[in-house]
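Listing of upload_15.txt, compact mmCIF, C-alpha atoms and all ligand atoms
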# COMPACT_ATOMS: atom_id res chain seq x y z
CA MET A 625 114.99 68.90 118.15
CA ASN A 626 112.18 70.39 120.23
CA VAL A 627 111.32 74.05 119.82
CA GLU A 628 109.29 76.15 122.21
CA LEU A 629 107.23 78.98 120.80
CA LYS A 630 105.57 81.46 123.13
CA ILE A 631 102.75 82.89 121.05
CA PHE A 632 100.57 85.96 121.55
CA ARG A 633 96.91 84.98 121.63
CA PHE A 634 93.86 87.19 121.50
CA ASP A 635 90.40 86.54 120.20
CA PRO A 636 88.37 89.73 120.77
CA ALA A 637 85.18 87.65 120.44
CA LYS A 638 85.92 85.76 123.66
CA ASP A 639 89.07 87.01 125.41
CA GLU A 640 88.98 89.98 127.76
CA ARG A 641 92.65 90.59 127.24
CA PRO A 642 95.58 89.11 125.30
CA TYR A 643 97.65 86.32 126.80
CA TYR A 644 100.59 84.13 125.75
CA ARG A 645 100.57 80.40 125.27
CA THR A 646 103.67 78.27 124.89
CA PHE A 647 103.71 75.37 122.44
CA GLU A 648 106.39 72.74 121.98
CA VAL A 649 106.94 71.34 118.50
CA GLU A 650 109.39 68.92 116.97
CA ALA A 651 111.38 70.53 114.19
CA GLU A 652 114.46 70.08 112.02
CA PRO A 653 117.13 72.81 112.23
CA MET A 654 116.37 73.91 108.66
CA ASP A 655 112.62 74.15 109.27
CA ARG A 656 111.23 77.64 109.18
CA LEU A 657 109.23 79.23 111.97
CA LEU A 658 106.29 79.17 109.58
CA ASP A 659 106.57 75.36 109.47
CA CYS A 660 106.40 75.31 113.27
CA LEU A 661 103.33 77.54 113.29
CA ASN A 662 101.64 75.33 110.72
CA ARG A 663 102.47 72.23 112.77
CA ILE A 664 100.93 73.82 115.85
CA ARG A 665 97.80 74.70 113.92
CA TRP A 666 97.49 71.26 112.33
CA GLU A 667 98.42 69.14 115.33
CA GLN A 668 97.79 71.07 118.54
CA ASP A 669 95.48 74.06 118.24
CA SER A 670 93.48 74.65 115.09
CA THR A 671 92.24 78.00 116.44
CA LEU A 672 95.70 79.61 116.15
CA SER A 673 95.35 82.37 113.55
CA PHE A 674 98.09 83.78 111.31
CA ARG A 675 98.36 84.77 107.68
CA MET A 676 100.48 82.90 105.15
CA SER A 677 100.38 82.08 101.48
CA CYS A 678 103.54 81.48 99.46
CA ALA A 679 105.84 80.28 102.28
CA HIS A 680 108.80 81.57 100.26
CA GLY A 681 109.18 85.28 101.05
CA ILE A 682 107.18 86.40 98.03
CA CYS A 683 103.65 87.27 99.16
CA GLY A 684 104.54 89.23 102.31
CA SER A 685 101.60 87.89 104.30
CA ASP A 686 103.35 86.32 107.31
CA GLY A 687 104.92 89.45 108.80
CA MET A 688 105.07 89.18 112.58
CA ARG A 689 107.28 90.18 115.50
CA ILE A 690 109.77 87.45 116.30
CA ASN A 691 111.77 87.90 119.50
CA GLY A 692 110.95 91.59 119.28
CA ILE A 693 112.01 92.06 115.65
CA CYS A 694 109.58 92.35 112.74
CA GLY A 695 110.14 89.79 109.99
CA LEU A 696 108.66 87.01 107.90
CA ALA A 697 108.12 83.67 109.64
CA CYS A 698 108.86 81.87 106.37
CA GLN A 699 112.35 83.39 106.26
CA LYS A 700 113.43 82.48 109.79
CA LEU A 701 115.11 79.15 110.36
CA VAL A 702 114.77 77.21 113.60
CA LYS A 703 118.55 76.71 113.80
CA ASP A 704 119.08 80.45 114.23
CA PHE A 705 117.20 80.59 117.52
CA LYS A 706 118.08 79.45 121.00
CA ASP A 707 115.67 78.92 123.86
CA GLU A 708 112.01 79.87 123.67
CA ILE A 709 110.96 81.94 120.65
CA LEU A 710 108.55 84.81 121.26
CA ILE A 711 106.02 85.30 118.44
CA GLU A 712 103.77 88.36 118.44
CA PRO A 713 101.66 90.25 115.89
CA LEU A 714 103.18 93.21 114.07
CA PRO A 715 103.06 96.27 116.32
CA VAL A 716 101.33 99.51 115.22
CA PHE A 717 98.30 97.69 113.79
CA LYS A 718 95.12 96.59 115.57
CA VAL A 719 94.97 92.88 116.31
CA ILE A 720 92.11 91.09 114.59
CA LYS A 721 92.94 87.69 116.08
CA ASP A 722 96.18 86.20 117.42
CA LEU A 723 98.88 87.11 114.85
CA VAL A 724 96.49 88.60 112.29
CA VAL A 725 96.44 92.40 112.24
CA ASP A 726 94.26 94.93 110.47
CA LEU A 727 96.31 96.21 107.54
CA ASP A 728 93.61 98.54 106.16
CA PRO A 729 95.34 101.68 107.56
CA PHE A 730 98.60 100.46 106.00
CA PHE A 731 97.02 100.14 102.56
CA GLU A 732 95.18 103.47 102.95
CA LYS A 733 98.53 105.19 103.43
CA TYR A 734 100.01 103.20 100.58
CA ASN A 735 97.18 104.25 98.26
CA SER A 736 97.53 107.89 99.35
CA ILE A 737 100.83 108.25 97.49
CA LYS A 738 99.24 107.22 94.15
CA PRO A 739 101.06 103.91 93.66
CA TYR A 740 100.74 103.82 89.91
CA LEU A 741 102.33 105.40 86.86
CA ILE A 742 100.93 108.89 86.18
CA THR A 743 101.02 109.84 82.51
CA LYS A 744 99.83 112.97 80.74
CA ASN A 745 100.84 112.20 77.17
CA PRO A 746 98.96 109.63 75.08
CA PRO A 747 100.59 106.20 75.02
CA PRO A 748 103.02 105.43 72.19
CA ASP A 749 102.17 102.74 69.63
CA GLN A 750 104.15 100.18 71.57
CA GLU A 751 105.38 100.25 75.18
CA ARG A 752 106.70 103.28 77.09
CA LYS A 753 110.42 102.73 76.65
CA GLN A 754 113.09 102.97 79.30
CA SER A 755 116.83 102.37 79.19
CA PRO A 756 118.46 99.82 81.54
CA GLY A 757 120.17 102.73 83.31
CA GLU A 758 116.85 104.51 83.90
CA HIS A 759 115.31 101.28 85.16
CA HIS A 760 118.23 100.75 87.51
CA GLN A 761 117.34 104.02 89.32
CA PHE A 762 114.42 102.39 91.12
CA GLU A 763 115.09 98.67 90.68
CA ASP A 764 115.69 98.00 94.40
CA ALA A 765 112.28 99.41 95.29
CA LEU A 766 110.58 96.84 93.05
CA ARG A 767 111.48 94.11 95.54
CA CYS A 768 108.94 95.45 98.05
CA ILE A 769 106.30 92.81 98.86
CA LEU A 770 104.20 95.06 101.14
CA CYS A 771 104.71 92.85 104.20
CA ALA A 772 104.43 95.97 106.42
CA CYS A 773 107.42 94.93 108.55
CA CYS A 774 109.16 98.27 107.91
CA THR A 775 106.16 100.36 108.86
CA ALA A 776 105.50 98.26 111.96
CA ALA A 777 109.13 98.57 113.05
CA CYS A 778 109.29 102.34 112.52
CA PRO A 779 109.39 104.23 115.85
CA ILE A 780 107.64 107.19 114.20
CA ASN A 781 104.68 105.02 113.23
CA GLN A 782 104.71 103.43 116.69
CA ASN A 783 104.36 106.83 118.38
CA LYS A 784 100.69 107.89 118.78
CA GLU A 785 101.60 111.54 118.20
CA THR A 786 103.21 110.84 114.84
CA GLU A 787 101.21 107.83 113.68
CA ALA A 788 99.82 109.87 110.75
CA TYR A 789 103.27 109.55 109.15
CA VAL A 790 102.74 107.81 105.83
CA GLY A 791 105.45 105.28 106.69
CA PRO A 792 108.39 103.66 104.94
CA ALA A 793 106.52 101.17 102.74
CA ALA A 794 104.45 103.93 101.12
CA LEU A 795 107.60 106.00 100.66
CA VAL A 796 109.41 103.12 98.96
CA ARG A 797 106.58 102.98 96.44
CA ALA A 798 106.61 106.77 96.09
CA PHE A 799 110.35 106.54 95.38
CA ARG A 800 109.69 103.89 92.74
CA TYR A 801 107.46 106.27 90.74
CA LEU A 802 109.23 109.54 91.52
CA PHE A 803 112.42 108.18 89.96
CA ASP A 804 110.75 106.32 87.09
CA SER A 805 111.67 108.11 83.84
CA ARG A 806 108.24 107.23 82.36
CA ASP A 807 106.25 108.90 85.13
CA GLU A 808 104.82 112.35 84.35
CA GLY A 809 103.36 113.18 87.77
CA LYS A 810 106.41 114.57 89.53
CA ASP A 811 104.81 117.83 90.79
CA GLU A 812 101.72 115.97 91.97
CA ARG A 813 103.86 113.42 93.78
CA ILE A 814 106.06 116.01 95.39
CA ALA A 815 102.99 117.88 96.70
CA LEU A 816 101.82 114.62 98.29
CA LEU A 817 105.17 113.96 99.95
CA ASP A 818 106.31 117.44 100.96
CA HIS A 819 104.83 117.69 104.46
CA LYS A 820 105.51 116.57 108.01
CA ASP A 821 103.55 113.32 107.64
CA GLY A 822 105.06 112.62 104.23
CA ALA A 823 108.77 112.20 103.50
CA TRP A 824 109.72 114.74 106.18
CA GLY A 825 108.13 112.51 108.83
CA CYS A 826 111.14 110.19 108.52
CA GLN A 827 113.75 110.90 111.18
CA THR A 828 116.35 108.59 109.64
CA LEU A 829 116.19 106.00 112.42
CA TRP A 830 117.05 103.09 110.04
CA LYS A 831 114.70 100.60 111.74
CA CYS A 832 112.84 100.02 108.45
CA THR A 833 116.05 99.18 106.63
CA GLU A 834 117.17 96.86 109.42
CA VAL A 835 114.06 94.68 109.22
CA CYS A 836 113.25 94.74 105.49
CA PRO A 837 113.14 91.07 104.40
CA LYS A 838 113.99 92.09 100.84
CA GLU A 839 117.01 94.18 101.87
CA ILE A 840 115.71 97.36 100.25
CA PRO A 841 117.78 100.41 101.23
CA ILE A 842 114.62 102.13 102.48
CA THR A 843 116.19 104.89 104.57
CA LYS A 844 118.46 105.89 101.67
CA GLN A 845 115.50 105.97 99.30
CA ILE A 846 113.56 108.24 101.67
CA ALA A 847 116.62 110.51 101.83
CA GLN A 848 116.62 110.60 98.02
CA ILE A 849 112.96 111.61 98.03
CA LYS A 850 113.76 114.44 100.46
CA ARG A 851 116.61 115.52 98.21
CA GLY A 852 114.30 115.35 95.18
CA ILE A 853 111.74 117.57 96.93
CA TYR A 854 114.45 120.06 97.90
CA ASP A 855 115.94 120.14 94.38
CA SER A 856 112.58 120.58 92.68
CA LYS A 857 111.68 123.50 94.96
CA HIS A 858 115.01 125.21 94.50
CA SER A 859 115.22 124.75 90.76
CA LYS A 860 112.04 126.79 90.15
S1 LIG A 901 104.25 83.30 103.43
FE1 LIG A 901 104.56 84.57 101.70
S2 LIG A 901 106.17 85.85 102.33
FE2 LIG A 901 106.05 84.43 103.95
Please rewrite the model in this file as structure tokens.
Ligand code: FES
Amino acid sequence: MNVELKIFRFDPAKDERPYYRTFEVEAEPMDRLLDCLNRIRWEQDSTLSFRMSCAHGICGSDGMRINGICGLACQKLVKDFKDEILIEPLPVFKVIKDLVVDLDPFFEKYNSIKPYLITKNPPPDQERKQSPGEHHQFEDALRCILCACCTAACPINQNKETEAYVGPAALVRAFRYLFDSRDEGKDERIALLDHKDGAWGCQTLWKCTEVCPKEIPITKQIAQIKRGIYDSKHSK
């Protein structure tokens, strides 16, 4: 079958403004959109820029907007689309070239929530132990591959007035440590999250959950963070 992909193009080094170019590629129904993009780059236009690595939904590098919805090109099958397929870079972020966006602000926000285990007590002789039940508390959040689809799809992050909002991906990681029984930085974490651009920036619009390629219940986890903040303040 032939597939038409209308792709956002922009090279700031030579283009005055972005434009779209349509490519036609031959594909099998079970091919992924990433296969089509690769075919275009190999056979028709080697200047087409996009990120990819694993091609199996693990690395999170090929997040893009496909027919208006953020997702991974390696997880979308040709057979699930009809007509021309519109491929654009993730919104929210500055375009570096074509489908490649600048994710530095995304990782700055991610780093702001201290995405690592905080411990105060010296380590035990062996590992810091945890029961299966304690691990289960945050297991879903471990699936996050930092593809940025959730943050790009979030209307709060898309709004210039509220773009300082730390965003769903950072909050998923905050959740992962806040509810980890081995973490000893709860007060520190809560101070980082308890403000209008932290957990309270979320207006429960569910867009992050809708697009998450790893099916993480992001909105519910943010609600649990809010509940955790409330409980910790009212238990003192
Ligand atoms: S290329 Fe790695 S997640 Fe798609």
_Could you tell me how far CA of Leu714 (chain A) sits from CA of Tyr734 (chain A), in Å to one decimal place?_
17.1 Å
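Residues in contact with ligand LIG 901 (chain A) (atom pairs separated by at most 9 Å; only C-alpha atoms and all ligand atoms) are Leu658, Arg675, Met676, Ser677, Cys678, Ala679, His680, Gly681, Ile682, Cys683, Gly684, Ser685, Asp686, Gly687, Leu696, Ala697, Cys698, Gln699, Ile769, Cys771 and Pro837 of chain A.
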*asked:* As an exercise, work out the distance from CA of Pro756 (chain A) to CA of Thr743 (chain A) in Å and give it to one decimal place.
replied: 20.1 Å
List every protein, DNA or RNA residue that has at least one atom no more than 8 Å from (112.4, 70.3, 118.5) in the file's coordinates, counting all atoms listed in the file, and write the result as a PDB file with C-alpha atoms, in the frame of the given file.
ATOM      1  CA  MET A 625     114.990  68.900 118.150  1.00  0.00           C
ATOM      2  CA  ASN A 626     112.180  70.390 120.230  1.00  0.00           C
ATOM      3  CA  VAL A 627     111.320  74.050 119.820  1.00  0.00           C
ATOM      4  CA  GLU A 628     109.290  76.150 122.210  1.00  0.00           C
ATOM      5  CA  GLU A 648     106.390  72.740 121.980  1.00  0.00           C
ATOM      6  CA  VAL A 649     106.940  71.340 118.500  1.00  0.00           C
ATOM      7  CA  GLU A 650     109.390  68.920 116.970  1.00  0.00           C
ATOM      8  CA  ALA A 651     111.380  70.530 114.190  1.00  0.00           C
ATOM      9  CA  GLU A 652     114.460  70.080 112.020  1.00  0.00           C
TER      10      GLU A 652
END
*How many Å separate CA of Val790 (chain A) from CA of Ile711 (chain A)?*
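Calculated distance between CA of Val790 (chain A) and CA of Ile711 (chain A) is 26.0 Å.
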*Enumerate, as a ChimeraX atom specification, the protein, DNA and RNA residues whose atoms approach (112.0, 113.3, 99.4) to within 9 Å, taking into account only C-alpha atoms and the coordinate frame of the file.*
/A:795,799,814,817-818,822-824,845-854
Taking the structure I provided as the source, export region 709-742 of chain A with N, CA, C and O atoms, as a compact mmCIF listing (two decimals), in the first residue's frame.
# COMPACT_ATOMS: atom_id res chain seq x y z
N ILE A 709 -1.28 11.29 6.51
CA ILE A 709 -0.94 11.34 7.95
C ILE A 709 -0.11 12.60 8.20
O ILE A 709 0.91 12.82 7.53
N LEU A 710 -0.57 13.40 9.15
CA LEU A 710 0.11 14.66 9.45
C LEU A 710 1.13 14.43 10.57
O LEU A 710 0.79 13.95 11.66
N ILE A 711 2.39 14.73 10.29
CA ILE A 711 3.46 14.51 11.27
C ILE A 711 4.10 15.86 11.61
O ILE A 711 4.63 16.55 10.73
N GLU A 712 4.06 16.19 12.90
CA GLU A 712 4.63 17.48 13.35
C GLU A 712 5.49 17.26 14.59
O GLU A 712 5.37 16.23 15.28
N PRO A 713 6.35 18.24 14.89
CA PRO A 713 7.15 18.10 16.13
C PRO A 713 6.26 18.21 17.35
O PRO A 713 5.14 18.75 17.27
N LEU A 714 6.75 17.77 18.48
CA LEU A 714 6.00 17.93 19.73
C LEU A 714 5.75 19.41 19.97
O LEU A 714 6.67 20.22 19.80
N PRO A 715 4.53 19.80 20.35
CA PRO A 715 4.29 21.20 20.67
C PRO A 715 4.99 21.57 21.98
O PRO A 715 5.58 20.71 22.63
N VAL A 716 4.92 22.80 22.37
CA VAL A 716 5.49 23.33 23.62
C VAL A 716 6.99 23.65 23.47
O VAL A 716 7.46 24.66 23.94
N PHE A 717 7.72 22.77 22.79
CA PHE A 717 9.18 22.93 22.73
C PHE A 717 9.61 23.65 21.43
O PHE A 717 8.93 23.55 20.41
N LYS A 718 10.76 24.31 21.53
CA LYS A 718 11.29 25.03 20.36
C LYS A 718 11.80 24.01 19.33
O LYS A 718 12.45 23.02 19.71
N VAL A 719 11.51 24.28 18.07
CA VAL A 719 11.98 23.36 17.02
C VAL A 719 13.45 23.64 16.72
O VAL A 719 13.84 24.78 16.47
N ILE A 720 14.24 22.59 16.75
CA ILE A 720 15.66 22.72 16.36
C ILE A 720 15.76 22.51 14.86
O ILE A 720 16.35 23.29 14.14
N LYS A 721 15.14 21.45 14.37
CA LYS A 721 15.07 21.21 12.92
C LYS A 721 14.00 20.13 12.67
O LYS A 721 14.00 19.09 13.35
N ASP A 722 13.14 20.41 11.74
CA ASP A 722 12.06 19.48 11.35
C ASP A 722 11.32 18.93 12.58
O ASP A 722 10.66 19.67 13.28
N LEU A 723 11.51 17.64 12.90
CA LEU A 723 10.77 17.03 14.01
C LEU A 723 11.59 16.97 15.29
O LEU A 723 11.14 16.39 16.29
N VAL A 724 12.76 17.56 15.26
CA VAL A 724 13.63 17.55 16.45
C VAL A 724 13.38 18.82 17.26
O VAL A 724 13.47 19.93 16.73
N VAL A 725 13.04 18.64 18.53
CA VAL A 725 12.78 19.80 19.39
C VAL A 725 13.82 19.89 20.51
O VAL A 725 14.49 18.91 20.83
N ASP A 726 13.89 21.09 21.08
CA ASP A 726 14.84 21.33 22.17
C ASP A 726 14.22 20.85 23.48
O ASP A 726 13.28 21.48 23.99
N LEU A 727 14.74 19.77 24.01
CA LEU A 727 14.18 19.21 25.25
C LEU A 727 14.91 19.68 26.51
O LEU A 727 14.63 19.21 27.61
N ASP A 728 15.83 20.63 26.37
CA ASP A 728 16.54 21.12 27.56
C ASP A 728 15.57 21.64 28.63
O ASP A 728 15.72 21.28 29.82
N PRO A 729 14.57 22.47 28.27
CA PRO A 729 13.65 22.95 29.32
C PRO A 729 12.90 21.80 30.00
O PRO A 729 12.60 21.85 31.19
N PHE A 730 12.60 20.76 29.23
CA PHE A 730 11.92 19.59 29.78
C PHE A 730 12.79 18.93 30.84
O PHE A 730 12.34 18.62 31.95
N PHE A 731 14.08 18.74 30.53
CA PHE A 731 14.96 18.07 31.49
C PHE A 731 15.34 18.99 32.66
O PHE A 731 15.61 18.50 33.76
N GLU A 732 15.31 20.31 32.43
CA GLU A 732 15.53 21.23 33.57
C GLU A 732 14.40 21.07 34.59
O GLU A 732 14.64 21.00 35.80
N LYS A 733 13.18 21.00 34.10
CA LYS A 733 12.04 20.82 35.02
C LYS A 733 12.12 19.45 35.70
O LYS A 733 11.87 19.32 36.89
N TYR A 734 12.47 18.47 34.93
CA TYR A 734 12.62 17.12 35.46
C TYR A 734 13.66 17.09 36.58
O TYR A 734 13.43 16.54 37.66
N ASN A 735 14.79 17.74 36.34
CA ASN A 735 15.85 17.75 37.36
C ASN A 735 15.46 18.57 38.58
O ASN A 735 15.96 18.32 39.68
N SER A 736 14.53 19.53 38.40
CA SER A 736 14.16 20.40 39.52
C SER A 736 13.45 19.64 40.64
O SER A 736 13.43 20.09 41.78
N ILE A 737 12.89 18.47 40.33
CA ILE A 737 12.15 17.76 41.38
C ILE A 737 13.06 16.75 42.13
O ILE A 737 12.58 15.96 42.92
N LYS A 738 14.36 16.82 41.86
CA LYS A 738 15.33 15.90 42.48
C LYS A 738 14.98 14.44 42.15
O LYS A 738 14.49 13.70 43.02
N PRO A 739 15.22 14.05 40.91
CA PRO A 739 14.82 12.70 40.48
C PRO A 739 15.80 11.61 40.91
O PRO A 739 16.36 10.90 40.08
N TYR A 740 16.00 11.53 42.18
CA TYR A 740 16.88 10.49 42.72
C TYR A 740 16.49 10.23 44.18
O TYR A 740 15.80 11.04 44.80
N LEU A 741 16.92 9.08 44.67
CA LEU A 741 16.59 8.71 46.05
C LEU A 741 17.33 9.63 47.03
O LEU A 741 18.54 9.80 46.93
N ILE A 742 16.61 10.24 47.95
CA ILE A 742 17.25 11.07 48.97
C ILE A 742 17.32 10.23 50.25
O ILE A 742 16.30 9.70 50.71
